[in-house]
Structures are given as C-alpha cells and as structure tokens.
$ cat target-v7.tsv   # TSV, C-alpha atoms and all ligand atoms
chain	number	residue	atom	x	y	z
K	1	MET	CA	7.46	20.50	53.51
K	2	LEU	CA	7.47	20.15	49.70
K	3	LYS	CA	3.69	20.42	49.62
K	4	LYS	CA	3.83	23.64	51.65
K	5	ILE	CA	6.37	25.15	49.24
K	6	LEU	CA	4.25	24.16	46.21
K	7	LEU	CA	1.12	25.57	47.87
K	8	ALA	CA	3.01	28.81	48.50
K	9	LEU	CA	4.08	28.95	44.84
K	10	VAL	CA	0.49	28.48	43.73
K	11	LEU	CA	-0.73	31.18	46.06
K	12	ILE	CA	2.04	33.65	45.18
K	13	PHE	CA	2.21	33.13	41.39
K	14	GLY	CA	-1.26	31.80	40.73
K	15	VAL	CA	0.12	28.80	38.86
K	16	GLY	CA	-0.62	25.17	39.31
K	17	VAL	CA	2.12	22.59	39.59
K	18	THR	CA	1.56	19.04	38.45
K	19	LEU	CA	3.60	16.50	40.30
K	20	GLN	CA	2.71	13.47	38.24
K	21	ALA	CA	1.56	13.05	34.65
K	22	LYS	CA	-1.96	11.68	34.46
K	23	PRO	CA	-2.53	8.69	32.21
K	24	ASN	CA	-3.84	9.72	28.79
K	25	LYS	CA	-7.32	8.28	28.54
K	26	HIS	CA	-7.42	9.13	24.86
K	27	LYS	CA	-4.24	7.34	23.76
K	28	LYS	CA	-4.91	5.98	20.28
K	29	GLN	CA	-5.02	2.25	19.82
K	30	SER	CA	-3.29	0.34	17.05
K	31	GLY	CA	-5.82	-1.92	15.38
K	32	PHE	CA	-3.23	-3.51	13.14
K	33	THR	CA	0.47	-3.78	12.41
K	34	MET	CA	1.67	-3.30	8.85
K	35	TRP	CA	4.89	-4.54	7.30
K	36	GLN	CA	6.39	-3.26	4.07
K	37	LEU	CA	8.32	-6.27	2.85
K	38	PRO	CA	11.81	-5.96	1.40
K	39	MET	CA	12.27	-7.09	-2.17
K	40	GLN	CA	13.86	-10.48	-2.66
K	41	VAL	CA	14.97	-10.50	-6.30
K	42	GLY	CA	16.49	-7.06	-6.79
K	43	ASN	CA	13.45	-5.82	-8.59
K	44	ILE	CA	10.21	-4.04	-7.98
K	45	GLY	CA	7.68	-6.06	-6.05
K	46	ASN	CA	4.75	-4.55	-4.18
K	47	SER	CA	4.20	-6.45	-0.94
K	48	TYR	CA	2.47	-5.48	2.31
K	49	VAL	CA	1.31	-7.71	5.16
K	50	PHE	CA	-0.95	-6.73	8.06
K	51	ARG	CA	-1.78	-8.44	11.34
K	52	THR	CA	-4.81	-7.26	13.27
K	53	ALA	CA	-4.86	-6.94	17.05
K	54	GLY	CA	-6.83	-10.19	17.07
K	55	GLY	CA	-4.18	-11.99	15.01
K	56	LYS	CA	-5.85	-12.02	11.59
K	57	VAL	CA	-3.46	-11.76	8.63
K	58	ILE	CA	-4.17	-9.59	5.59
K	59	VAL	CA	-2.02	-9.20	2.46
K	60	PHE	CA	-1.96	-6.38	-0.08
K	61	ASP	CA	-0.40	-7.63	-3.37
K	62	GLY	CA	2.63	-9.81	-2.48
K	63	GLY	CA	5.28	-9.32	-5.11
K	64	TRP	CA	6.91	-11.31	-7.90
K	65	PRO	CA	6.56	-15.08	-8.35
K	66	ALA	CA	10.27	-15.33	-7.45
K	67	GLU	CA	9.49	-13.78	-4.04
K	68	GLN	CA	7.06	-16.52	-3.06
K	69	LEU	CA	9.38	-18.41	-0.69
K	70	TYR	CA	9.88	-15.30	1.42
K	71	LEU	CA	6.19	-14.43	1.61
K	72	ARG	CA	5.22	-18.06	2.24
K	73	GLY	CA	7.62	-18.08	5.18
K	74	PHE	CA	6.39	-14.71	6.46
K	75	ILE	CA	2.76	-15.86	6.40
K	76	ALA	CA	3.64	-19.24	7.92
K	77	ALA	CA	5.29	-17.47	10.82
K	78	LEU	CA	2.03	-15.60	11.42
K	79	GLY	CA	-0.05	-18.79	11.45
K	80	ASN	CA	-0.31	-19.73	7.75
K	81	GLU	CA	-3.86	-18.41	7.42
K	82	VAL	CA	-4.72	-15.29	5.41
K	83	GLU	CA	-8.06	-13.74	6.24
K	84	ALA	CA	-8.09	-11.38	3.26
K	85	TRP	CA	-5.79	-11.04	0.25
K	86	PHE	CA	-6.13	-7.86	-1.83
K	87	ILE	CA	-4.72	-7.72	-5.36
K	88	SER	CA	-4.37	-4.23	-6.82
K	89	HIS	CA	-3.91	-5.34	-10.45
K	90	PRO	CA	-2.72	-8.34	-12.46
K	91	HIS	CA	0.87	-7.31	-13.18
K	92	ASP	CA	3.13	-10.10	-11.97
K	93	ASP	CA	5.12	-7.89	-9.58
K	94	HIS	CA	1.83	-7.49	-7.65
K	95	MET	CA	-0.21	-10.67	-8.10
K	96	GLY	CA	2.70	-13.02	-8.86
K	97	VAL	CA	3.08	-14.63	-5.45
K	98	LEU	CA	-0.66	-15.24	-4.99
K	99	TRP	CA	-0.76	-16.61	-8.55
K	100	GLN	CA	1.85	-19.23	-7.59
K	101	ILE	CA	0.39	-19.98	-4.16
K	102	LEU	CA	-3.06	-20.64	-5.64
K	103	LYS	CA	-1.45	-23.28	-7.88
K	104	ASP	CA	0.22	-24.97	-4.91
K	105	ARG	CA	-1.17	-23.91	-1.54
K	106	GLN	CA	1.28	-26.02	0.54
K	107	GLY	CA	-1.07	-25.90	3.51
K	108	MET	CA	-1.75	-22.16	3.48
K	109	LYS	CA	-5.36	-21.24	4.21
K	110	ILE	CA	-6.77	-18.21	2.36
K	111	ASN	CA	-10.26	-17.15	3.37
K	112	HIS	CA	-11.10	-14.36	0.91
K	113	ILE	CA	-9.60	-12.64	-2.13
K	114	TYR	CA	-10.50	-9.09	-3.20
K	115	HIS	CA	-9.68	-7.47	-6.52
K	116	SER	CA	-11.18	-5.55	-9.45
K	117	ARG	CA	-11.19	-7.74	-12.54
K	118	TYR	CA	-10.08	-6.53	-15.98
K	119	SER	CA	-12.01	-7.36	-19.14
K	120	ASN	CA	-10.30	-9.41	-21.86
K	121	GLU	CA	-10.25	-6.27	-24.03
K	122	LEU	CA	-8.33	-4.38	-21.36
K	123	LEU	CA	-5.97	-7.32	-20.79
K	124	ASP	CA	-5.09	-7.53	-24.47
K	125	LEU	CA	-3.84	-3.93	-24.46
K	126	GLU	CA	-0.64	-5.11	-22.74
K	127	LYS	CA	1.49	-7.92	-24.06
K	128	PRO	CA	2.97	-10.17	-22.77
K	129	TYR	CA	1.33	-9.29	-19.44
K	130	ASN	CA	-2.08	-10.26	-20.82
K	131	GLU	CA	-0.97	-13.92	-20.83
K	132	TYR	CA	0.19	-13.82	-17.19
K	133	ALA	CA	-3.00	-12.03	-16.14
K	134	LYS	CA	-5.24	-14.46	-18.02
K	135	ASP	CA	-3.50	-17.39	-16.38
K	136	PHE	CA	-3.91	-15.72	-12.96
K	137	TYR	CA	-7.64	-15.27	-13.60
K	138	ALA	CA	-7.93	-18.86	-14.86
K	139	VAL	CA	-6.34	-20.12	-11.65
K	140	LEU	CA	-8.57	-17.81	-9.60
K	141	ASP	CA	-11.61	-19.28	-11.33
K	142	THR	CA	-10.70	-22.81	-10.25
K	143	VAL	CA	-10.26	-22.22	-6.52
K	144	SER	CA	-13.05	-22.50	-3.99
K	145	ILE	CA	-11.96	-19.38	-2.09
K	146	PRO	CA	-14.60	-16.61	-2.05
K	147	VAL	CA	-13.59	-13.79	-4.40
K	148	THR	CA	-14.98	-10.26	-4.29
K	149	ASP	CA	-14.70	-8.33	-7.56
K	150	PHE	CA	-15.17	-4.61	-6.92
K	151	ARG	CA	-16.95	-3.02	-9.87
K	152	GLU	CA	-17.45	0.40	-8.27
K	153	PRO	CA	-15.40	2.37	-5.76
K	154	GLY	CA	-16.86	3.29	-2.39
K	155	TYR	CA	-16.98	-0.08	-0.63
K	156	ILE	CA	-16.11	0.15	3.06
K	157	GLY	CA	-15.12	-2.92	5.03
K	158	SER	CA	-13.71	-3.78	8.42
K	159	ILE	CA	-11.77	-6.91	9.39
K	160	ASP	CA	-11.11	-7.14	13.11
K	161	GLY	CA	-10.21	-3.43	13.41
K	162	PHE	CA	-8.54	-3.20	9.99
K	163	ASN	CA	-10.76	-0.69	8.21
K	164	PHE	CA	-10.57	-0.25	4.46
K	165	LYS	CA	-12.28	1.72	1.75
K	166	VAL	CA	-11.94	1.11	-1.98
K	167	LEU	CA	-11.33	4.48	-3.63
K	168	GLY	CA	-10.50	3.34	-7.15
K	169	VAL	CA	-11.25	0.27	-9.30
K	170	VAL	CA	-10.68	-0.87	-12.87
K	171	ASN	CA	-10.84	2.00	-15.41
K	172	GLU	CA	-11.62	0.45	-18.76
K	173	GLU	CA	-11.60	3.88	-20.44
K	174	PHE	CA	-7.84	4.42	-20.13
K	175	HIS	CA	-5.99	2.83	-23.02
K	176	THR	CA	-2.66	4.45	-22.25
K	177	ASN	CA	-0.73	2.77	-19.46
K	178	PRO	CA	-3.84	0.57	-19.16
K	179	PHE	CA	-2.88	-1.95	-16.46
K	180	ASN	CA	-1.41	0.63	-14.10
K	181	ASN	CA	-4.26	3.07	-14.62
K	182	SER	CA	-6.65	0.36	-13.48
K	183	SER	CA	-4.89	-0.29	-10.17
K	184	MET	CA	-7.31	-0.78	-7.32
K	185	VAL	CA	-6.72	2.05	-4.83
K	186	MET	CA	-7.44	1.50	-1.15
K	187	LYS	CA	-7.27	3.49	2.03
K	188	VAL	CA	-6.80	1.52	5.24
K	189	TRP	CA	-6.90	2.83	8.78
K	190	ASP	CA	-7.28	2.23	12.49
K	191	ASP	CA	-7.53	4.72	15.39
K	192	LYS	CA	-3.83	5.52	15.14
K	193	LYS	CA	-2.93	5.77	11.46
K	194	SER	CA	-4.18	5.78	7.89
K	195	ILE	CA	-2.42	4.56	4.75
K	196	LEU	CA	-3.28	5.22	1.11
K	197	PHE	CA	-2.29	2.38	-1.22
K	198	LEU	CA	-1.98	3.72	-4.76
K	199	ALA	CA	-0.42	0.56	-6.23
K	200	ASP	CA	0.73	1.52	-9.75
K	201	THR	CA	-1.78	4.33	-10.32
K	202	GLY	CA	-0.77	6.44	-13.33
K	203	ALA	CA	-1.29	10.10	-14.17
K	204	GLU	CA	-4.72	9.58	-15.75
K	205	SER	CA	-6.26	7.49	-12.99
K	206	GLY	CA	-4.62	9.72	-10.37
K	207	ASN	CA	-6.36	12.72	-11.91
K	208	LYS	CA	-9.61	10.77	-11.94
K	209	LEU	CA	-9.21	10.18	-8.21
K	210	LEU	CA	-8.47	13.85	-7.61
K	211	ASN	CA	-11.58	14.91	-9.51
K	212	GLY	CA	-13.79	12.15	-8.15
K	213	PRO	CA	-16.16	11.83	-5.21
K	214	TYR	CA	-13.48	10.55	-2.83
K	215	ARG	CA	-11.01	13.39	-3.32
K	216	ASN	CA	-11.24	14.43	0.32
K	217	GLU	CA	-10.50	10.89	1.45
K	218	LEU	CA	-7.12	10.71	-0.30
K	219	SER	CA	-5.40	12.55	2.55
K	220	CYS	CA	-3.78	10.22	5.05
K	221	ASP	CA	-0.71	9.69	7.24
K	222	TYR	CA	1.24	7.37	4.91
K	223	VAL	CA	1.17	7.19	1.12
K	224	GLN	CA	2.39	4.17	-0.82
K	225	MET	CA	4.16	5.93	-3.67
K	226	ALA	CA	2.47	5.21	-6.98
K	227	HIS	CA	4.24	2.89	-9.42
K	228	HIS	CA	7.17	2.29	-7.06
K	229	GLY	CA	7.87	6.01	-6.86
K	230	GLN	CA	8.26	6.99	-10.49
K	231	HIS	CA	6.03	7.62	-13.49
K	232	GLY	CA	2.94	7.20	-11.37
K	233	CYS	CA	0.74	9.97	-9.95
K	234	THR	CA	1.57	13.53	-10.94
K	235	GLU	CA	3.17	16.35	-8.99
K	236	ASP	CA	-0.28	17.96	-8.78
K	237	PHE	CA	-1.73	14.81	-7.25
K	238	TYR	CA	0.82	14.61	-4.43
K	239	LYS	CA	0.67	18.36	-3.81
K	240	SER	CA	-3.14	18.31	-3.63
K	241	ILE	CA	-3.44	15.81	-0.80
K	242	ASP	CA	-2.19	15.92	2.79
K	243	PHE	CA	0.13	13.26	4.16
K	244	ARG	CA	3.20	13.12	6.33
K	245	ALA	CA	5.21	10.06	5.29
K	246	CYS	CA	6.04	8.00	2.22
K	247	LEU	CA	6.18	4.25	1.69
K	248	TRP	CA	8.46	3.39	-1.22
K	249	PRO	CA	8.19	-0.20	-2.56
K	250	THR	CA	11.23	0.59	-4.63
K	251	ALA	CA	14.31	-1.26	-5.88
K	252	TYR	CA	17.71	0.41	-5.50
K	253	TRP	CA	18.18	0.91	-9.25
K	254	ILE	CA	14.84	2.71	-9.35
K	255	TRP	CA	15.57	4.77	-6.22
K	256	THR	CA	18.83	5.93	-7.80
K	257	ASN	CA	17.61	5.99	-11.43
K	258	ASP	CA	20.48	3.74	-12.40
K	259	GLN	CA	19.60	1.46	-15.31
K	260	GLY	CA	23.19	0.35	-15.70
K	261	GLY	CA	24.99	3.61	-16.49
K	262	GLY	CA	25.45	4.93	-12.96
K	263	TYR	CA	23.66	7.20	-10.48
K	264	ASN	CA	20.79	9.16	-12.05
K	265	THR	CA	21.68	8.36	-15.64
K	266	GLY	CA	18.54	6.37	-16.49
K	267	THR	CA	15.20	7.43	-17.88
K	268	LEU	CA	13.21	6.89	-14.69
K	269	GLU	CA	11.40	9.75	-12.98
K	270	THR	CA	12.26	8.87	-9.39
K	271	MET	CA	14.36	11.99	-8.82
K	272	GLU	CA	11.44	14.22	-9.78
K	273	THR	CA	9.17	12.41	-7.34
K	274	ARG	CA	11.83	12.69	-4.62
K	275	ARG	CA	12.12	16.42	-5.32
K	276	TRP	CA	8.34	16.90	-5.03
K	277	MET	CA	8.44	15.19	-1.63
K	278	ASP	CA	11.23	17.53	-0.52
K	279	GLU	CA	9.21	20.52	-1.73
K	280	ILE	CA	6.14	19.33	0.18
K	281	GLY	CA	8.35	18.98	3.25
K	282	ILE	CA	8.05	15.24	3.82
K	283	LYS	CA	10.74	14.08	6.24
K	284	GLU	CA	9.70	10.48	6.87
K	285	HIS	CA	10.53	8.03	4.10
K	286	HIS	CA	10.47	4.24	4.25
K	287	VAL	CA	12.31	2.96	1.20
K	288	SER	CA	12.25	-0.81	0.90
K	289	CYS	CA	15.66	-1.12	-0.78
K	290	LEU	CA	17.33	1.01	1.92
K	291	GLU	CA	15.44	0.06	5.07
K	292	GLY	CA	14.54	-3.57	4.47
K	293	LEU	CA	11.55	-4.75	6.46
K	294	PHE	CA	9.57	-1.80	7.84
K	295	GLN	CA	7.05	-2.35	10.62
K	296	LEU	CA	4.33	0.18	11.37
K	297	ASP	CA	2.22	-0.24	14.52
K	301	FE	FE	4.32	-2.56	-10.16
$ encode --input "target-v7.tsv" --output "structure tokens" --more "lines below"
Ligand SMILES: [Fe+2]
Amino acid sequence: MLKKILLALVLIFGVGVTLQAKPNKHKKQSGFTMWQLPMQVGNIGNSYVFRTAGGKVIVFDGGWPAEQLYLRGFIAALGNEVEAWFISHPHDDHMGVLWQILKDRQGMKINHIYHSRYSNELLDLEKPYNEYAKDFYAVLDTVSIPVTDFREPGYIGSIDGFNFKVLGVVNEEFHTNPFNNSSMVMKVWDDKKSILFLADTGAESGNKLLNGPYRNELSCDYVQMAHHGQHGCTEDFYKSIDFRACLWPTAYWIWTNDQGGGYNTGTLETMETRRWMDEIGIKEHHVSCLEGLFQLD
C-alpha cells in the first residue's frame, strides 16, 4: 500500500522519494588521531601526539622538561615506541621533554628524529637559551637514533597514512627574534583533515612563508597558533590563508593576558590575535588551558 502511494506521488508530482539513505562510498577516512596535550606546569609548552591507523606514534615537540612525566606516561600507554619525533626548534618549551628522554630513555624506543639544526652563530644570538640548545644538540649527537636535519623546505613524507610536508626550516638571516623565526613549519594531513603547525613562527618568518613557494599550501583545516597565540604571525598572515579552526597551545595567563595584574593587564598580544580570529569568523577554538586534552580524529 505504501509503495502504491509513493508511486502515485512520483507520478503526480514528478518527484522521487528515497526511503533509505544509501551508504556514502566517499566517506573520508581518518589516517591518524591527533592529541593536543594539556600543559602540566602552568606554562607554555608545545606538545602534540599522533597515532596512525596502524598504531604508529608520532610526536611534534613535547613541551617543557618538567612535563616529561606526563608525556612519558602518554607514550607508554600507546606502546612506548615513537616512530617519528619532530622538533620545531630548540627552545626548551618545545624540545625540553625529548632532551630529557634522550638522556634517560627508561625503555622508550624512538626510531627517528626530525628537525632543522641551528648554527652556533644563530644559537649565540639568544642567551641563556643557547646553552640549553647546545646541550640538546650535544645529547642528540651521542644517540644512535637516525636524525634527519632539514636544510631546505619542501620535503614530503608519509608515515603509515600520516602525511607531512616541511614548509619552513631554519632561517639564519633573521637576527631579530632569531629562535622563533627559525621554527620548522609543517603541514600534516590525511584524507579527512589537514593541520598547519607554525610552532613559534614570528612576523618575519611568517612573511617569508607568505611570500614563498609554498604560500598556497598554508591553507588548512586547523592552524596551530604561532608562538602560543601571541606575538607570532601577523594579522596579514592569518587573514591571507584559509582555515576553519584554531589550536591554541596556550597557558591561561597568556590566554587572558594576565601577567600578575589581572585580566588583560599584561603586555602580551593574545587579545589582538583573538580579535583577528573573530574578524575572520573562526568559531572553533581548542585552547589547551581551557579544554585540557583535545583529541582530533
Ligand atoms: Fe614556545
């Protein structure tokens, strides 16, 4: 009876009626899960972990030395073997955990480390961070783990469905904000999503990216906000690329620009960055100090 009524409707109104949704043959597949890790010491650490569909673990940065217990536990829970560890730059809120783990592995297996090494001249532009960075490199030089040192951008790699492209490497020419302006910049993607990791990219290196050969590859679904969301890339940078959501590896005092005197009384530029995002129309924000652990499939 129902079929006759539907047939009559089709004949009378010339419209088709679908009784059951067909399975979507083109549903996008997640090649990896990403976690933005919450900070453990009330300060800015940059820490992202990925697990591929096949179970391989990948780390981008990792946070402060004081956050090592948390990250060690997180990695142990995923099997205690890291297929690839990317370090954006040798500030200790980025390389600090790997720096400590390399000194005392405690059973963790690390199969490959990727970074873009700074010269001694560049290192000595920032004190006391030059000493931490030199010690990190000294430790790196003693381990038997394969290390890839990207000297040029453009490298494309794939690890079990985790695709990555290096869009920016060390920039020895920038002597202002030198460590941050030499952050390694990476885009990672699978069939379902793409994420741009800016690390601590500053205004100068952000402009270099915008005017460089990979400009059109900066657009993505998720952007890791440069330099923890303040005093990083410029308004022009963010307004020149397309994206729909923000990842903020940001401590609460930075998010609120409160350096001890109360809400928005500090000298940080977070409120400007937040305003730019509002002007662009971004509605999806994942702020580590507000949300805690964020998982993206
Ligand atoms: Fe940082």
$ atom_distance --input "target-v7.tsv" --atom1 "CA of Thr265 (chain K)" --atom2 "CA of Asp278 (chain K)"
20.5 Å
$ atom_distance --input "target-v7.tsv" --atom1 "CA of Gln230 (chain K)" --atom2 "CA of Arg274 (chain K)"
8.9 Å
$ residues_near_ligand --input "target-v7.tsv" --ligand "ligand FE 301 (chain K)" --cutoff "12 Å" --atoms "all atoms listed in the file" --output "PDB file with C-alpha atoms, in the frame of the given file"
ATOM      1  CA  ASN K  43      13.450  -5.820  -8.590  1.00  0.00           C
ATOM      2  CA  ILE K  44      10.210  -4.040  -7.980  1.00  0.00           C
ATOM      3  CA  GLY K  45       7.680  -6.060  -6.050  1.00  0.00           C
ATOM      4  CA  ASN K  46       4.750  -4.550  -4.180  1.00  0.00           C
ATOM      5  CA  SER K  47       4.200  -6.450  -0.940  1.00  0.00           C
ATOM      6  CA  ASP K  61      -0.400  -7.630  -3.370  1.00  0.00           C
ATOM      7  CA  GLY K  62       2.630  -9.810  -2.480  1.00  0.00           C
ATOM      8  CA  GLY K  63       5.280  -9.320  -5.110  1.00  0.00           C
ATOM      9  CA  TRP K  64       6.910 -11.310  -7.900  1.00  0.00           C
ATOM     10  CA  ILE K  87      -4.720  -7.720  -5.360  1.00  0.00           C
ATOM     11  CA  SER K  88      -4.370  -4.230  -6.820  1.00  0.00           C
ATOM     12  CA  HIS K  89      -3.910  -5.340 -10.450  1.00  0.00           C
ATOM     13  CA  PRO K  90      -2.720  -8.340 -12.460  1.00  0.00           C
ATOM     14  CA  HIS K  91       0.870  -7.310 -13.180  1.00  0.00           C
ATOM     15  CA  ASP K  92       3.130 -10.100 -11.970  1.00  0.00           C
ATOM     16  CA  ASP K  93       5.120  -7.890  -9.580  1.00  0.00           C
ATOM     17  CA  HIS K  94       1.830  -7.490  -7.650  1.00  0.00           C
ATOM     18  CA  MET K  95      -0.210 -10.670  -8.100  1.00  0.00           C
ATOM     19  CA  GLY K  96       2.700 -13.020  -8.860  1.00  0.00           C
ATOM     20  CA  TYR K 129       1.330  -9.290 -19.440  1.00  0.00           C
ATOM     21  CA  ASN K 177      -0.730   2.770 -19.460  1.00  0.00           C
ATOM     22  CA  PHE K 179      -2.880  -1.950 -16.460  1.00  0.00           C
ATOM     23  CA  ASN K 180      -1.410   0.630 -14.100  1.00  0.00           C
ATOM     24  CA  ASN K 181      -4.260   3.070 -14.620  1.00  0.00           C
ATOM     25  CA  SER K 182      -6.650   0.360 -13.480  1.00  0.00           C
ATOM     26  CA  SER K 183      -4.890  -0.290 -10.170  1.00  0.00           C
ATOM     27  CA  LEU K 198      -1.980   3.720  -4.760  1.00  0.00           C
ATOM     28  CA  ALA K 199      -0.420   0.560  -6.230  1.00  0.00           C
ATOM     29  CA  ASP K 200       0.730   1.520  -9.750  1.00  0.00           C
ATOM     30  CA  THR K 201      -1.780   4.330 -10.320  1.00  0.00           C
ATOM     31  CA  GLY K 202      -0.770   6.440 -13.330  1.00  0.00           C
ATOM     32  CA  GLN K 224       2.390   4.170  -0.820  1.00  0.00           C
ATOM     33  CA  MET K 225       4.160   5.930  -3.670  1.00  0.00           C
ATOM     34  CA  ALA K 226       2.470   5.210  -6.980  1.00  0.00           C
ATOM     35  CA  HIS K 227       4.240   2.890  -9.420  1.00  0.00           C
ATOM     36  CA  HIS K 228       7.170   2.290  -7.060  1.00  0.00           C
ATOM     37  CA  GLY K 229       7.870   6.010  -6.860  1.00  0.00           C
ATOM     38  CA  GLN K 230       8.260   6.990 -10.490  1.00  0.00           C
ATOM     39  CA  HIS K 231       6.030   7.620 -13.490  1.00  0.00           C
ATOM     40  CA  GLY K 232       2.940   7.200 -11.370  1.00  0.00           C
ATOM     41  CA  TRP K 248       8.460   3.390  -1.220  1.00  0.00           C
ATOM     42  CA  PRO K 249       8.190  -0.200  -2.560  1.00  0.00           C
ATOM     43  CA  THR K 250      11.230   0.590  -4.630  1.00  0.00           C
ATOM     44  CA  ALA K 251      14.310  -1.260  -5.880  1.00  0.00           C
ATOM     45  CA  ILE K 254      14.840   2.710  -9.350  1.00  0.00           C
TER      46      ILE K 254
END
$ closest_residue --input "target-v7.tsv" --among "K:Leu218, K:Gly154, K:Glu121, K:Gly42" --to "Trp255 (chain K)" --atoms "only C-alpha atoms"
K:Gly42
$ atom_distance --input "target-v7.tsv" --atom1 "CA of Gly168 (chain K)" --atom2 "CA of Pro153 (chain K)"
5.2 Å
$ closest_residue --input "target-v7.tsv" --among "K:Ile58, K:Leu210, K:Val223, K:Ala76" --to "Ser158 (chain K)" --atoms "all atoms listed in the file"
K:Ile58
$ closest_residue --input "target-v7.tsv" --among "K:Ser144, K:Ser30, K:Gln68, K:Gln100" --to "Phe50 (chain K)" --atoms "only C-alpha atoms"
K:Ser30
$ closest_residue --input "target-v7.tsv" --among "K:Cys246, K:Met277, K:Val143, K:Met184" --to "Tyr118 (chain K)" --atoms "all atoms listed in the file"
K:Met184
$ residues_around --input "target-v7.tsv" --residues "Trp99 (chain K)" --least-positions-apart "3" --cutoff "8 Å" --atoms "all atoms listed in the file" --output "ChimeraX atom specification"
/K:65,95-96,102-103,136,139-140
$ closest_residue --input "target-v7.tsv" --among "K:Gln259, K:Ser219, K:Gln36, K:Ser116" --to "Glu172 (chain K)" --atoms "only C-alpha atoms"
K:Ser116
$ closest_residue --input "target-v7.tsv" --among "K:Leu122, K:Arg117, K:Val169, K:Thr273" --to "Ala138 (chain K)" --atoms "all atoms listed in the file"
K:Arg117
$ build_atoms --input "target-v7.tsv" --residues "region 213-231 of chain K" --atoms "N, CA and C atoms" --output "PDB file, in the coordinates of the input"
ATOM      1  N   PRO K 213     -15.393  11.598  -6.437  1.00  0.00           N
ATOM      2  CA  PRO K 213     -16.160  11.830  -5.210  1.00  0.00           C
ATOM      3  C   PRO K 213     -15.369  11.565  -3.926  1.00  0.00           C
ATOM      4  N   TYR K 214     -14.223  10.894  -4.043  1.00  0.00           N
ATOM      5  CA  TYR K 214     -13.480  10.550  -2.830  1.00  0.00           C
ATOM      6  C   TYR K 214     -12.212  11.395  -2.675  1.00  0.00           C
ATOM      7  N   ARG K 215     -12.173  12.511  -3.375  1.00  0.00           N
ATOM      8  CA  ARG K 215     -11.010  13.390  -3.320  1.00  0.00           C
ATOM      9  C   ARG K 215     -10.586  13.697  -1.876  1.00  0.00           C
ATOM     10  N   ASN K 216     -11.568  14.026  -1.045  1.00  0.00           N
ATOM     11  CA  ASN K 216     -11.240  14.430   0.320  1.00  0.00           C
ATOM     12  C   ASN K 216     -10.771  13.257   1.181  1.00  0.00           C
ATOM     13  N   GLU K 217     -10.915  12.058   0.672  1.00  0.00           N
ATOM     14  CA  GLU K 217     -10.500  10.890   1.450  1.00  0.00           C
ATOM     15  C   GLU K 217      -9.116  10.397   1.034  1.00  0.00           C
ATOM     16  N   LEU K 218      -8.467  11.115   0.130  1.00  0.00           N
ATOM     17  CA  LEU K 218      -7.120  10.710  -0.300  1.00  0.00           C
ATOM     18  C   LEU K 218      -6.066  11.115   0.731  1.00  0.00           C
ATOM     19  N   SER K 219      -6.372  12.124   1.547  1.00  0.00           N
ATOM     20  CA  SER K 219      -5.400  12.550   2.550  1.00  0.00           C
ATOM     21  C   SER K 219      -5.270  11.466   3.622  1.00  0.00           C
ATOM     22  N   CYS K 220      -4.070  11.347   4.164  1.00  0.00           N
ATOM     23  CA  CYS K 220      -3.780  10.220   5.050  1.00  0.00           C
ATOM     24  C   CYS K 220      -2.467  10.501   5.780  1.00  0.00           C
ATOM     25  N   ASP K 221      -2.025   9.564   6.592  1.00  0.00           N
ATOM     26  CA  ASP K 221      -0.710   9.690   7.240  1.00  0.00           C
ATOM     27  C   ASP K 221       0.406   9.193   6.314  1.00  0.00           C
ATOM     28  N   TYR K 222       0.205   8.011   5.743  1.00  0.00           N
ATOM     29  CA  TYR K 222       1.240   7.370   4.910  1.00  0.00           C
ATOM     30  C   TYR K 222       0.700   7.147   3.505  1.00  0.00           C
ATOM     31  N   VAL K 223       1.529   7.466   2.513  1.00  0.00           N
ATOM     32  CA  VAL K 223       1.170   7.190   1.120  1.00  0.00           C
ATOM     33  C   VAL K 223       2.125   6.150   0.556  1.00  0.00           C
ATOM     34  N   GLN K 224       1.564   5.088  -0.020  1.00  0.00           N
ATOM     35  CA  GLN K 224       2.390   4.170  -0.820  1.00  0.00           C
ATOM     36  C   GLN K 224       2.589   4.832  -2.169  1.00  0.00           C
ATOM     37  N   MET K 225       3.842   5.146  -2.474  1.00  0.00           N
ATOM     38  CA  MET K 225       4.160   5.930  -3.670  1.00  0.00           C
ATOM     39  C   MET K 225       3.761   5.160  -4.928  1.00  0.00           C
ATOM     40  N   ALA K 226       3.030   5.862  -5.800  1.00  0.00           N
ATOM     41  CA  ALA K 226       2.470   5.210  -6.980  1.00  0.00           C
ATOM     42  C   ALA K 226       3.569   4.701  -7.914  1.00  0.00           C
ATOM     43  N   HIS K 227       3.331   3.514  -8.463  1.00  0.00           N
ATOM     44  CA  HIS K 227       4.240   2.890  -9.420  1.00  0.00           C
ATOM     45  C   HIS K 227       5.679   2.890  -8.913  1.00  0.00           C
ATOM     46  N   HIS K 228       5.838   2.473  -7.656  1.00  0.00           N
ATOM     47  CA  HIS K 228       7.170   2.290  -7.060  1.00  0.00           C
ATOM     48  C   HIS K 228       7.954   3.596  -6.985  1.00  0.00           C
ATOM     49  N   GLY K 229       7.238   4.714  -7.072  1.00  0.00           N
ATOM     50  CA  GLY K 229       7.870   6.010  -6.860  1.00  0.00           C
ATOM     51  C   GLY K 229       8.274   6.757  -8.100  1.00  0.00           C
ATOM     52  N   GLN K 230       7.903   6.249  -9.273  1.00  0.00           N
ATOM     53  CA  GLN K 230       8.260   6.990 -10.490  1.00  0.00           C
ATOM     54  C   GLN K 230       7.225   6.713 -11.584  1.00  0.00           C
ATOM     55  N   HIS K 231       6.972   7.718 -12.387  1.00  0.00           N
ATOM     56  CA  HIS K 231       6.030   7.620 -13.490  1.00  0.00           C
ATOM     57  C   HIS K 231       4.668   7.074 -13.034  1.00  0.00           C
TER      58      HIS K 231
END
